[in-house]
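Chemist: I'd like to ask some things about the structure below.
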Amino acid sequence: MTSKAEEHDDLPKESGPAGGWGSLRSIARITGMSDPSSEALQTLWRQNKPGGFMCASCAWPKPANYRAFEFCENGAKATLWESTKDRCTPDFWKDHTVTELLGWSDHDLEKTGRLTHPLRYDAASDRYVETSWADAFAAIGATLEDLPRDDVVFYSSGHAGLEASYLWALMARLYGNNNLPQSSNMCHETTSVGLTEVIGSPVGTIIWEDLEETDCLFFFGQNPGTNSPRFLHPLKEAKERGAKIVTFNPVREQGLISFVSPQDPVAMITGKETTISDQYHQLRAGTDIAAILGLCKAVIEADDAARETGATPVLDWPFIEEHTNGFEAFVDFARSQPWAAIISACGLTEEALREAAQIYMEAERVIGVYGMGLTQHTHGADNIGMLVNFLMLRGNIGKPGAGCCPVRGHSNVQGQRTVGIAEKTALIPMDRLRTLFDFDPPEKDGTHIVDAAEGIIGGRIKATLCLGGNLMRALPETDQLEQHWRAQELTVMVSTKLNRSHLYPGKAAFILPCLTRGEKDEQASGPQYISVEDSFSMIHGSIGKQEPASTELKSELDIVASIAEVITEPHPKRRWREWVADYSRVRDLIEATYPDDFRDYNQRLNTPGGFWRGNPARDRIWETDSGKAEFTVPEKLNALGFDDAEGRFTLITMRSNDQFNTTIYGYSDRFRGIEGTRDVLLINEADMLREGLAKGQIVTLVSDADDGISRRLPGLEVIPFDLPLGTIGSYYPECNVLVPLSLHDRTSKTPGSKGVPVKVEKA
């Protein structure tokens, strides 16, 4: 038999630029694998265009001046994957038990195709069986009626449109709790909390036009090649007009190195690449605080020198004096930190940091871009505070071409928070809900997803209802959750395809299949639009045109309303059937609840480029306690929740080029040169030598969290890779088994999945 080492002895392979023929080949491969319907091509043509279909993948904005093909490689994969002609009908379960399917891969589970009928778990046969919609809703209602209200969780994945999401949140509050955790709890909740503390806004400050005006972008812990490929087009255009791009990332991500636009015929023929990053700094995982402090220190020192000689100041003193608070404390801190401590912490040289700072000082309009490389750490909020400190030194928030740009993940993850899916009552206009629906909303804060997971393990949470997603697979502490998930009285999942979370049914369990965003949603008043919010706070309408995968499917909104009808009291102000019949009526409710954000909602629904719901921080209105933007002082020079120790590595959990969140399209991570497998440990060759490891050797990653809990991930193949010393990488969600629930940002509880303490154990 061929060993793993023999099968993969050529890994990592050479990787080419982002985009180009590699992108087209990847789309073609997924097309062959998913066998989509003929209508999928028309959906791709309409994708991300006004009056069309808004991509169900990432939340990158949809420009008013769109291209002929306004989809990227990953967006195409998502659309093709959902448009498959394969069907997972009730007959599938005649040949397969839940226990058997536990041995299947995530990829193979989804490959079974679209779910077609509502299903109920039958414990006696260990199979899901077909049920009627009426029976499913009745059983769900009967179970929830008997449970303590605080013991039920209403989770949402970030996919469902604003209309269904608004009703989901309303339903939970009418039921009696604010237990509305959402997928942002696991990724950008640090943004929502951290940015609010320092600039008074939970979201980024830039809009599309800023990308066209900026002359410099600094990237921290974000990977557009895999997570938001359409971002590469404005980056290419920025470089062509002379803008500079500086990247800080432990991993050399191909999308930030070079790009060939698949929409540029000359580039495709000649292979001409656009170099994206002018500087690329591979810092140690979790040390962005030190690196950004080094940048700030260099800028402050340059300003000190300018003031001494009477030269033009480097800092934007008018902005600092009028708009900020805490500047002196931060400057004192920056001056007090020796360069030796900074470079020791991040692993970069003083010269490299000064060179990056020089680019910053020469630019008039700078955008700071970041992703989960900043948010998913124990001190993630300090990461964000430091980035804001850096931008504010030269007034780079609240002016054209400048600002803070967190790049969100799921297509409506930001929008769901906007319309009320939030566990914190202070974020919700409860008085308006009271007036609109004639009830007293619960006043107690609900449960965060980390608290919910701990509640499931501890037996407190009795039921979990999921509006989309693959929650159990997405959460940390996989082993413990698998042991306790089935003990719940009820699990309900609104889904389009089979996933691993379905294989851990509660005592009563239902899979409720729904329409995809690309499919026709016909209701009593006709075809329905839904809407989503992108990362720039723009609202877009979306309408599906494909024939549904099954006549038995219901829309997400219809499913939400149907559950609401059986778990809440009837009332003349709660017109669930009328809302299902015409989604514009739900948009009227959203406008009545959030009038400043959604003025003339229905009239502006299909505005090219979306309509902007506004952001005070962009206008330099700071809704903080001080009324000003806040400089902050970090607690330490890294964002990790642990110290260095003998044999301890910092693990980064990573997504491949062939996945979206927990959806695994295939086994090709071409940007990193990993093909045919996901069971890899990426590690620096010097670390391999020190640990006595050989290429192709099979090892186990072991948690080094010092909390007495055994966490292990065996069967990983050692692959030499360009990473900083002490930093290793492997794939999410497989690595969730190594992430303690207790390892999370101190303010937002976002899991620390980009800085996990582990050891490498030889097999």
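Here's how to read the names in the structure tokens: chain A, B, ... by the order shown, residue numbers from 1 in each chain, ligand numbers from 1 in the order shown.
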Using only C-alpha atoms, what does the table of segment 359-464 of chain A residues within 9 Å of segment 740-757 of chain A look like, with each row giving the shortest atom pair and its distance in Å to one decimal, sorted by chain and ascending number, as CSV?

Modeler:
```
residue,atom,partner,partner_atom,distance
A:Met372,CA,A:Lys754,CA,7.5
A:Gly373,CA,A:Lys754,CA,6.1
A:Leu374,CA,A:Lys754,CA,8.2
A:Thr375,CA,A:Thr750,CA,7.3
A:Gln376,CA,A:Gly752,CA,4.4
A:His377,CA,A:Gly752,CA,4.1
A:Thr378,CA,A:Asp745,CA,3.9
A:His379,CA,A:Asp745,CA,5.4
A:Gly380,CA,A:Asp745,CA,5.6
A:Ala381,CA,A:Thr747,CA,7.0
A:His448,CA,A:Lys749,CA,7.9
A:Ile449,CA,A:Lys749,CA,8.6
A:Val450,CA,A:Leu741,CA,6.5
A:Asp451,CA,A:Leu741,CA,8.8
A:Ala453,CA,A:Leu741,CA,8.0
A:Glu454,CA,A:Leu741,CA,7.6
```

Chemist: Within 8 Å of segment 425-442 of chain A, counting only C-alpha atoms, which residues show up once you throw out same-chain ones fewer than 2 positions away? Write them as an mmCIF file with all heavy atoms, in the first residue's frame, please.

Modeler:
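The file below, selection.cif, is the result:
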```cif
data_model
loop_
_atom_site.group_PDB
_atom_site.id
_atom_site.type_symbol
_atom_site.label_atom_id
_atom_site.label_comp_id
_atom_site.auth_asym_id
_atom_site.auth_seq_id
_atom_site.Cartn_x
_atom_site.Cartn_y
_atom_site.Cartn_z
ATOM 1 N N ARG A 173 -37.716 36.596 20.889
ATOM 2 C CA ARG A 173 -38.108 37.501 21.982
ATOM 3 C C ARG A 173 -39.566 37.283 22.377
ATOM 4 O O ARG A 173 -39.914 37.376 23.556
ATOM 5 C CB ARG A 173 -37.825 38.947 21.582
ATOM 6 C CG ARG A 173 -36.325 39.195 21.420
ATOM 7 C CD ARG A 173 -35.936 40.644 21.184
ATOM 8 N NE ARG A 173 -34.478 40.713 21.295
ATOM 9 C CZ ARG A 173 -33.632 40.742 20.265
ATOM 10 N NH1 ARG A 173 -34.116 40.755 19.027
ATOM 11 N NH2 ARG A 173 -32.331 40.755 20.464
ATOM 12 N N LEU A 174 -40.412 36.994 21.414
ATOM 13 C CA LEU A 174 -41.796 36.656 21.755
ATOM 14 C C LEU A 174 -41.854 35.344 22.530
ATOM 15 O O LEU A 174 -42.694 35.173 23.431
ATOM 16 C CB LEU A 174 -42.638 36.551 20.482
ATOM 17 C CG LEU A 174 -43.001 37.873 19.796
ATOM 18 C CD1 LEU A 174 -43.551 37.615 18.399
ATOM 19 C CD2 LEU A 174 -44.022 38.653 20.634
ATOM 20 N N GLY A 176 -39.544 34.365 24.576
ATOM 21 C CA GLY A 176 -39.208 34.720 25.948
ATOM 22 C C GLY A 176 -37.741 34.840 26.279
ATOM 23 O O GLY A 176 -37.378 34.882 27.462
ATOM 24 N N ASN A 177 -36.841 34.936 25.275
ATOM 25 C CA ASN A 177 -35.427 35.131 25.610
ATOM 26 C C ASN A 177 -34.702 35.918 24.518
ATOM 27 O O ASN A 177 -35.249 36.169 23.448
ATOM 28 C CB ASN A 177 -34.721 33.797 25.883
ATOM 29 C CG ASN A 177 -34.519 32.936 24.647
ATOM 30 O OD1 ASN A 177 -34.160 33.417 23.572
ATOM 31 N ND2 ASN A 177 -34.737 31.618 24.791
ATOM 32 N N ASN A 178 -33.486 36.318 24.848
ATOM 33 C CA ASN A 178 -32.595 36.977 23.886
ATOM 34 C C ASN A 178 -31.424 36.071 23.529
ATOM 35 O O ASN A 178 -30.335 36.552 23.196
ATOM 36 C CB ASN A 178 -32.078 38.291 24.476
ATOM 37 C CG ASN A 178 -33.156 39.349 24.592
ATOM 38 O OD1 ASN A 178 -33.675 39.832 23.597
ATOM 39 N ND2 ASN A 178 -33.514 39.704 25.825
ATOM 40 N N GLY A 420 -31.394 42.945 14.477
ATOM 41 C CA GLY A 420 -31.858 42.478 15.780
ATOM 42 C C GLY A 420 -31.386 41.138 16.265
ATOM 43 O O GLY A 420 -31.719 40.732 17.381
ATOM 44 N N ALA A 422 -29.115 39.607 18.085
ATOM 45 C CA ALA A 422 -28.074 39.984 19.041
ATOM 46 C C ALA A 422 -28.515 39.546 20.428
ATOM 47 O O ALA A 422 -29.694 39.651 20.780
ATOM 48 C CB ALA A 422 -27.826 41.487 19.014
ATOM 49 N N GLU A 423 -27.561 39.067 21.206
ATOM 50 C CA GLU A 423 -27.876 38.607 22.557
ATOM 51 C C GLU A 423 -27.855 39.736 23.584
ATOM 52 O O GLU A 423 -28.319 39.564 24.711
ATOM 53 C CB GLU A 423 -26.903 37.487 22.962
ATOM 54 C CG GLU A 423 -25.459 37.918 23.131
ATOM 55 C CD GLU A 423 -24.665 37.893 21.846
ATOM 56 O OE1 GLU A 423 -25.276 37.761 20.768
ATOM 57 O OE2 GLU A 423 -23.420 38.010 21.919
ATOM 58 N N LYS A 444 -33.405 40.535 30.044
ATOM 59 C CA LYS A 444 -32.141 39.884 30.390
ATOM 60 C C LYS A 444 -31.328 39.613 29.135
ATOM 61 O O LYS A 444 -31.854 39.136 28.129
ATOM 62 C CB LYS A 444 -32.438 38.563 31.107
ATOM 63 C CG LYS A 444 -31.218 37.751 31.489
ATOM 64 C CD LYS A 444 -31.646 36.426 32.129
ATOM 65 C CE LYS A 444 -30.474 35.515 32.392
ATOM 66 N NZ LYS A 444 -30.914 34.202 32.946
ATOM 67 N N ASP A 445 -30.019 39.915 29.181
ATOM 68 C CA ASP A 445 -29.152 39.583 28.059
ATOM 69 C C ASP A 445 -29.204 38.089 27.782
ATOM 70 O O ASP A 445 -29.336 37.264 28.698
ATOM 71 C CB ASP A 445 -27.707 39.981 28.353
ATOM 72 C CG ASP A 445 -27.435 41.452 28.092
ATOM 73 O OD1 ASP A 445 -28.327 42.137 27.565
ATOM 74 O OD2 ASP A 445 -26.332 41.919 28.432
ATOM 75 N N GLY A 446 -29.078 37.739 26.505
ATOM 76 C CA GLY A 446 -29.094 36.337 26.120
ATOM 77 C C GLY A 446 -27.714 35.707 26.170
ATOM 78 O O GLY A 446 -26.756 36.288 26.693
ATOM 79 N N LYS A 573 -51.389 41.907 15.980
ATOM 80 C CA LYS A 573 -50.230 42.644 15.475
ATOM 81 C C LYS A 573 -49.115 41.719 14.974
ATOM 82 O O LYS A 573 -48.105 42.199 14.462
ATOM 83 C CB LYS A 573 -49.672 43.566 16.562
ATOM 84 C CG LYS A 573 -50.527 44.791 16.835
ATOM 85 C CD LYS A 573 -49.785 45.787 17.720
ATOM 86 C CE LYS A 573 -50.566 47.083 17.840
ATOM 87 N NZ LYS A 573 -49.829 48.114 18.628
ATOM 88 N N ARG A 574 -49.318 40.422 15.126
ATOM 89 C CA ARG A 574 -48.293 39.461 14.708
ATOM 90 C C ARG A 574 -48.851 38.650 13.546
ATOM 91 O O ARG A 574 -49.423 37.569 13.721
ATOM 92 C CB ARG A 574 -47.888 38.576 15.874
ATOM 93 C CG ARG A 574 -47.377 39.400 17.061
ATOM 94 C CD ARG A 574 -47.345 38.623 18.348
ATOM 95 N NE ARG A 574 -47.353 39.529 19.495
ATOM 96 C CZ ARG A 574 -47.618 39.159 20.745
ATOM 97 N NH1 ARG A 574 -47.894 37.888 21.005
ATOM 98 N NH2 ARG A 574 -47.619 40.053 21.722
ATOM 99 N N ALA A 592 -39.669 50.527 10.322
ATOM 100 C CA ALA A 592 -40.311 51.107 11.508
ATOM 101 C C ALA A 592 -39.473 50.893 12.762
ATOM 102 O O ALA A 592 -39.493 51.725 13.681
ATOM 103 C CB ALA A 592 -41.700 50.496 11.691
ATOM 104 N N THR A 593 -38.719 49.800 12.802
ATOM 105 C CA THR A 593 -37.895 49.492 13.966
ATOM 106 C C THR A 593 -36.566 50.234 13.925
ATOM 107 O O THR A 593 -36.046 50.665 14.964
ATOM 108 C CB THR A 593 -37.634 47.969 14.037
ATOM 109 O OG1 THR A 593 -38.868 47.261 13.918
ATOM 110 C CG2 THR A 593 -36.968 47.598 15.361
ATOM 111 N N TYR A 594 -36.022 50.402 12.724
ATOM 112 C CA TYR A 594 -34.714 51.060 12.549
ATOM 113 C C TYR A 594 -34.852 52.162 11.491
ATOM 114 O O TYR A 594 -34.298 52.066 10.389
ATOM 115 C CB TYR A 594 -33.666 50.031 12.115
ATOM 116 C CG TYR A 594 -33.521 48.860 13.057
ATOM 117 C CD1 TYR A 594 -34.228 47.675 12.833
ATOM 118 C CD2 TYR A 594 -32.692 48.937 14.171
ATOM 119 C CE1 TYR A 594 -34.108 46.597 13.706
ATOM 120 C CE2 TYR A 594 -32.562 47.868 15.043
ATOM 121 C CZ TYR A 594 -33.272 46.699 14.805
ATOM 122 O OH TYR A 594 -33.154 45.635 15.674
#
```

Chemist: I'd like to know which of A:Ala356, A:Val739, A:Cys466, A:Met688 is closest to Val718 of chain A, using only C-alpha atoms.

Modeler: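 That would be A:Met688, the residue with the smallest distance to Val718 of chain A.
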
Chemist: Can you tell me, as a PyMOL selection string, what residues are no more than 9 Å from Gly403 of chain A when counting only C-alpha atoms, ignoring any on the same chain fewer than 2 positions away?

Modeler: chain A and resi 204-206+210+365-369+388+391+395-401+405+618

Chemist: Tell me, as a list in words, which residues lie within 8 Å of segment 484-493 of chain A, counting only C-alpha atoms; anything in the same chain fewer than 5 positions away does not count.

Modeler: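 Contacts, in chain order: Ile140, Thr143, Ile456, Ile457, Gly459, Ile461, Lys462, Ala463, Thr464, Leu465, Cys466, Leu467, Gly468, His502, Tyr504, Pro505, Gly506, Lys507, Ala508, Ala509, Phe510, Ile511 and Leu512 of chain A.
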
Chemist: Got a sec: who's within 12 Å of Asp10 of chain A, counting only C-alpha atoms, leaving out chain neighbours fewer than 6 positions off, as a ChimeraX atom specification?

Modeler: /A:4,673-676,695-696,719-720

Chemist: Taking all heavy atoms for each residue, export the selection above as a PDB file, in the first residue's frame.

Modeler:
```pdb
ATOM      1  N   LYS A   4       1.133   7.707   3.033  1.00  0.00           N
ATOM      2  CA  LYS A   4       0.808   9.117   2.835  1.00  0.00           C
ATOM      3  C   LYS A   4       2.020   9.871   2.329  1.00  0.00           C
ATOM      4  O   LYS A   4       1.928  10.735   1.462  1.00  0.00           O
ATOM      5  CB  LYS A   4       0.325   9.728   4.158  1.00  0.00           C
ATOM      6  CG  LYS A   4      -1.143   9.589   4.411  1.00  0.00           C
ATOM      7  CD  LYS A   4      -1.548  10.494   5.578  1.00  0.00           C
ATOM      8  CE  LYS A   4      -3.058  10.476   5.767  1.00  0.00           C
ATOM      9  NZ  LYS A   4      -3.476  11.396   6.836  1.00  0.00           N
ATOM     10  N   GLY A 673      -0.201  25.231  -2.372  1.00  0.00           N
ATOM     11  CA  GLY A 673       0.441  24.069  -2.966  1.00  0.00           C
ATOM     12  C   GLY A 673       0.083  22.756  -2.302  1.00  0.00           C
ATOM     13  O   GLY A 673       0.814  21.772  -2.434  1.00  0.00           O
ATOM     14  N   ILE A 674      -1.053  22.715  -1.597  1.00  0.00           N
ATOM     15  CA  ILE A 674      -1.492  21.489  -0.923  1.00  0.00           C
ATOM     16  C   ILE A 674      -2.606  20.860  -1.755  1.00  0.00           C
ATOM     17  O   ILE A 674      -3.676  21.455  -1.928  1.00  0.00           O
ATOM     18  CB  ILE A 674      -1.990  21.784   0.509  1.00  0.00           C
ATOM     19  CG1 ILE A 674      -0.937  22.561   1.300  1.00  0.00           C
ATOM     20  CG2 ILE A 674      -2.371  20.487   1.205  1.00  0.00           C
ATOM     21  CD1 ILE A 674       0.386  21.852   1.449  1.00  0.00           C
ATOM     22  N   GLU A 675      -2.379  19.662  -2.261  1.00  0.00           N
ATOM     23  CA  GLU A 675      -3.333  18.992  -3.147  1.00  0.00           C
ATOM     24  C   GLU A 675      -3.642  17.590  -2.637  1.00  0.00           C
ATOM     25  O   GLU A 675      -2.746  16.870  -2.197  1.00  0.00           O
ATOM     26  CB  GLU A 675      -2.773  18.893  -4.566  1.00  0.00           C
ATOM     27  CG  GLU A 675      -2.456  20.233  -5.227  1.00  0.00           C
ATOM     28  CD  GLU A 675      -3.699  20.994  -5.654  1.00  0.00           C
ATOM     29  OE1 GLU A 675      -4.788  20.379  -5.701  1.00  0.00           O
ATOM     30  OE2 GLU A 675      -3.577  22.198  -5.933  1.00  0.00           O
ATOM     31  N   GLY A 676      -4.929  17.235  -2.676  1.00  0.00           N
ATOM     32  CA  GLY A 676      -5.332  15.864  -2.401  1.00  0.00           C
ATOM     33  C   GLY A 676      -5.498  15.503  -0.948  1.00  0.00           C
ATOM     34  O   GLY A 676      -5.838  14.360  -0.636  1.00  0.00           O
ATOM     35  N   LYS A 695       9.876  15.312   6.593  1.00  0.00           N
ATOM     36  CA  LYS A 695       8.787  15.541   5.657  1.00  0.00           C
ATOM     37  C   LYS A 695       8.002  14.254   5.437  1.00  0.00           C
ATOM     38  O   LYS A 695       8.578  13.190   5.224  1.00  0.00           O
ATOM     39  CB  LYS A 695       9.346  16.050   4.332  1.00  0.00           C
ATOM     40  CG  LYS A 695       8.277  16.333   3.278  1.00  0.00           C
ATOM     41  CD  LYS A 695       8.887  16.869   2.002  1.00  0.00           C
ATOM     42  CE  LYS A 695       7.814  17.138   0.958  1.00  0.00           C
ATOM     43  NZ  LYS A 695       8.381  17.675  -0.303  1.00  0.00           N
ATOM     44  N   GLY A 696       6.672  14.362   5.501  1.00  0.00           N
ATOM     45  CA  GLY A 696       5.819  13.205   5.308  1.00  0.00           C
ATOM     46  C   GLY A 696       5.556  12.402   6.566  1.00  0.00           C
ATOM     47  O   GLY A 696       4.713  11.499   6.558  1.00  0.00           O
ATOM     48  N   ILE A 719       4.467  18.844   6.568  1.00  0.00           N
ATOM     49  CA  ILE A 719       4.806  19.479   5.302  1.00  0.00           C
ATOM     50  C   ILE A 719       5.662  20.713   5.598  1.00  0.00           C
ATOM     51  O   ILE A 719       5.213  21.614   6.313  1.00  0.00           O
ATOM     52  CB  ILE A 719       3.545  19.922   4.527  1.00  0.00           C
ATOM     53  CG1 ILE A 719       2.592  18.742   4.302  1.00  0.00           C
ATOM     54  CG2 ILE A 719       3.928  20.592   3.215  1.00  0.00           C
ATOM     55  CD1 ILE A 719       3.115  17.683   3.377  1.00  0.00           C
ATOM     56  N   PRO A 720       6.883  20.778   5.093  1.00  0.00           N
ATOM     57  CA  PRO A 720       7.686  21.991   5.294  1.00  0.00           C
ATOM     58  C   PRO A 720       7.032  23.173   4.595  1.00  0.00           C
ATOM     59  O   PRO A 720       6.577  23.055   3.454  1.00  0.00           O
ATOM     60  CB  PRO A 720       9.035  21.631   4.664  1.00  0.00           C
ATOM     61  CG  PRO A 720       8.733  20.525   3.709  1.00  0.00           C
ATOM     62  CD  PRO A 720       7.579  19.767   4.278  1.00  0.00           C
TER      63      PRO A 720
END
```

Chemist: For Gly526 of chain A, please output as a list of chain:residue names all residues within 12 Å (counting only C-alpha atoms; exclusion window: fewer than 5 positions along the same chain).

Modeler: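 Listing them by chain and then by number gives A:Lys520, A:Asp521, A:Ile543, A:Val580, A:Ala581, A:Asp582, A:Tyr583, A:Ser584.
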
Chemist: For the residues in the current selection, export N, CA, C and O atoms as an mmCIF file, in the first residue's frame.

Modeler:
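In the end it all went to part-v1.cif:
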```cif
data_model
loop_
_atom_site.group_PDB
_atom_site.id
_atom_site.type_symbol
_atom_site.label_atom_id
_atom_site.label_comp_id
_atom_site.auth_asym_id
_atom_site.auth_seq_id
_atom_site.Cartn_x
_atom_site.Cartn_y
_atom_site.Cartn_z
ATOM 1 N N LYS A 520 -36.229 30.397 -7.041
ATOM 2 C CA LYS A 520 -37.464 31.170 -7.031
ATOM 3 C C LYS A 520 -38.154 31.037 -5.679
ATOM 4 O O LYS A 520 -38.314 29.939 -5.153
ATOM 5 N N ASP A 521 -38.575 32.176 -5.164
ATOM 6 C CA ASP A 521 -39.323 32.201 -3.904
ATOM 7 C C ASP A 521 -40.696 32.804 -4.210
ATOM 8 O O ASP A 521 -40.889 34.016 -4.151
ATOM 9 N N ILE A 543 -32.959 38.449 -5.771
ATOM 10 C CA ILE A 543 -34.083 37.616 -6.169
ATOM 11 C C ILE A 543 -33.575 36.392 -6.920
ATOM 12 O O ILE A 543 -32.682 36.480 -7.756
ATOM 13 N N VAL A 580 -45.385 36.307 5.359
ATOM 14 C CA VAL A 580 -44.901 35.303 4.412
ATOM 15 C C VAL A 580 -45.413 35.611 3.004
ATOM 16 O O VAL A 580 -44.690 35.449 2.009
ATOM 17 N N ALA A 581 -46.617 36.077 2.911
ATOM 18 C CA ALA A 581 -47.223 36.353 1.608
ATOM 19 C C ALA A 581 -46.519 37.485 0.871
ATOM 20 O O ALA A 581 -46.479 37.501 -0.371
ATOM 21 N N ASP A 582 -45.939 38.425 1.614
ATOM 22 C CA ASP A 582 -45.339 39.608 0.979
ATOM 23 C C ASP A 582 -44.195 40.115 1.851
ATOM 24 O O ASP A 582 -44.412 40.744 2.882
ATOM 25 N N TYR A 583 -42.965 39.847 1.419
ATOM 26 C CA TYR A 583 -41.796 40.209 2.226
ATOM 27 C C TYR A 583 -41.606 41.715 2.353
ATOM 28 O O TYR A 583 -40.906 42.176 3.268
ATOM 29 N N SER A 584 -42.197 42.484 1.445
ATOM 30 C CA SER A 584 -42.070 43.938 1.563
ATOM 31 C C SER A 584 -42.700 44.432 2.864
ATOM 32 O O SER A 584 -42.289 45.463 3.410
#
```

Chemist: Just want the 6 Å neighbourhood of Phe649 of chain A, counted on only C-alpha atoms, with same-chain residues fewer than 4 positions away dropped. Output as a PyMOL selection string.

Modeler: chain A and resi 726-727+757-759

Chemist: Would you please extract all strand (DSSP E) residues from segment 303-511 of chain A, as assigned by DSSP on the backbone, and give them as a list in words?

Modeler: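 These are the residues in question: Thr324, Asn325, Val366, Ile367, Gly368, Val369, Tyr370, Gly403, Cys404, Cys405, Pro406, Ala463, Thr464, Leu465, Cys466, Leu467, Leu490, Thr491, Val492, Met493, Val494, Ser495, Ala508, Ala509, Phe510 and Ile511 of chain A.
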
Chemist: Can you write out the residues you just picked, keeping N, CA and C atoms, as an mmCIF file, in the first residue's frame?

Modeler:
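What landed in result.cif:
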```cif
data_model
loop_
_atom_site.group_PDB
_atom_site.id
_atom_site.type_symbol
_atom_site.label_atom_id
_atom_site.label_comp_id
_atom_site.auth_asym_id
_atom_site.auth_seq_id
_atom_site.Cartn_x
_atom_site.Cartn_y
_atom_site.Cartn_z
ATOM 1 N N THR A 324 -9.773 63.194 19.327
ATOM 2 C CA THR A 324 -9.331 62.001 20.057
ATOM 3 C C THR A 324 -9.164 62.238 21.544
ATOM 4 N N ASN A 325 -9.148 61.133 22.245
ATOM 5 C CA ASN A 325 -8.931 61.127 23.694
ATOM 6 C C ASN A 325 -7.899 60.041 24.002
ATOM 7 N N VAL A 366 -4.952 56.483 3.876
ATOM 8 C CA VAL A 366 -4.583 55.092 4.182
ATOM 9 C C VAL A 366 -5.799 54.327 4.695
ATOM 10 N N ILE A 367 -5.969 53.124 4.171
ATOM 11 C CA ILE A 367 -7.012 52.211 4.651
ATOM 12 C C ILE A 367 -6.340 51.069 5.404
ATOM 13 N N GLY A 368 -6.844 50.768 6.584
ATOM 14 C CA GLY A 368 -6.373 49.625 7.354
ATOM 15 C C GLY A 368 -7.335 48.467 7.195
ATOM 16 N N VAL A 369 -6.874 47.384 6.570
ATOM 17 C CA VAL A 369 -7.713 46.217 6.283
ATOM 18 C C VAL A 369 -7.340 45.095 7.242
ATOM 19 N N TYR A 370 -8.341 44.421 7.800
ATOM 20 C CA TYR A 370 -8.011 43.292 8.670
ATOM 21 C C TYR A 370 -9.094 42.225 8.605
ATOM 22 N N GLY A 403 -9.629 54.922 6.194
ATOM 23 C CA GLY A 403 -10.534 54.371 7.189
ATOM 24 C C GLY A 403 -10.194 52.957 7.592
ATOM 25 N N CYS A 404 -11.091 52.407 8.361
ATOM 26 C CA CYS A 404 -10.930 51.073 8.927
ATOM 27 C C CYS A 404 -11.810 50.105 8.147
ATOM 28 N N CYS A 405 -11.220 48.980 7.703
ATOM 29 C CA CYS A 405 -11.927 48.058 6.807
ATOM 30 C C CYS A 405 -11.840 46.619 7.306
ATOM 31 N N PRO A 406 -12.693 46.229 8.255
ATOM 32 C CA PRO A 406 -12.793 44.804 8.586
ATOM 33 C C PRO A 406 -13.508 44.073 7.462
ATOM 34 N N ALA A 463 -32.261 22.967 24.128
ATOM 35 C CA ALA A 463 -32.682 22.951 22.724
ATOM 36 C C ALA A 463 -31.890 23.983 21.943
ATOM 37 N N THR A 464 -31.515 23.613 20.719
ATOM 38 C CA THR A 464 -30.824 24.529 19.816
ATOM 39 C C THR A 464 -31.530 24.513 18.467
ATOM 40 N N LEU A 465 -31.989 25.686 18.044
ATOM 41 C CA LEU A 465 -32.595 25.853 16.728
ATOM 42 C C LEU A 465 -31.619 26.656 15.881
ATOM 43 N N CYS A 466 -31.301 26.155 14.692
ATOM 44 C CA CYS A 466 -30.282 26.771 13.845
ATOM 45 C C CYS A 466 -30.876 27.237 12.533
ATOM 46 N N LEU A 467 -30.819 28.533 12.294
ATOM 47 C CA LEU A 467 -31.222 29.098 11.017
ATOM 48 C C LEU A 467 -30.005 29.064 10.101
ATOM 49 N N LEU A 490 -34.139 18.918 22.079
ATOM 50 C CA LEU A 490 -34.566 19.238 20.719
ATOM 51 C C LEU A 490 -33.422 19.879 19.949
ATOM 52 N N THR A 491 -33.211 19.439 18.720
ATOM 53 C CA THR A 491 -32.341 20.135 17.778
ATOM 54 C C THR A 491 -33.114 20.323 16.477
ATOM 55 N N VAL A 492 -33.045 21.534 15.943
ATOM 56 C CA VAL A 492 -33.729 21.872 14.695
ATOM 57 C C VAL A 492 -32.728 22.579 13.805
ATOM 58 N N MET A 493 -32.616 22.144 12.557
ATOM 59 C CA MET A 493 -31.681 22.771 11.627
ATOM 60 C C MET A 493 -32.371 23.093 10.310
ATOM 61 N N VAL A 494 -32.340 24.359 9.937
ATOM 62 C CA VAL A 494 -32.814 24.804 8.630
ATOM 63 C C VAL A 494 -31.623 24.713 7.684
ATOM 64 N N SER A 495 -31.707 23.863 6.672
ATOM 65 C CA SER A 495 -30.527 23.498 5.882
ATOM 66 C C SER A 495 -30.870 23.310 4.414
ATOM 67 N N ALA A 508 -35.289 14.810 20.251
ATOM 68 C CA ALA A 508 -36.148 15.068 19.100
ATOM 69 C C ALA A 508 -35.324 15.928 18.153
ATOM 70 N N ALA A 509 -35.317 15.575 16.874
ATOM 71 C CA ALA A 509 -34.458 16.289 15.937
ATOM 72 C C ALA A 509 -35.141 16.397 14.583
ATOM 73 N N PHE A 510 -35.009 17.588 13.978
ATOM 74 C CA PHE A 510 -35.637 17.844 12.681
ATOM 75 C C PHE A 510 -34.662 18.575 11.762
ATOM 76 N N ILE A 511 -34.654 18.152 10.487
ATOM 77 C CA ILE A 511 -33.963 18.880 9.429
ATOM 78 C C ILE A 511 -35.040 19.491 8.545
#
```

Chemist: Provide the atom CA of Gly158 of chain A to atom CA of Leu102 of chain A distance in Å, to one decimal place.

Modeler: 25.7 Å
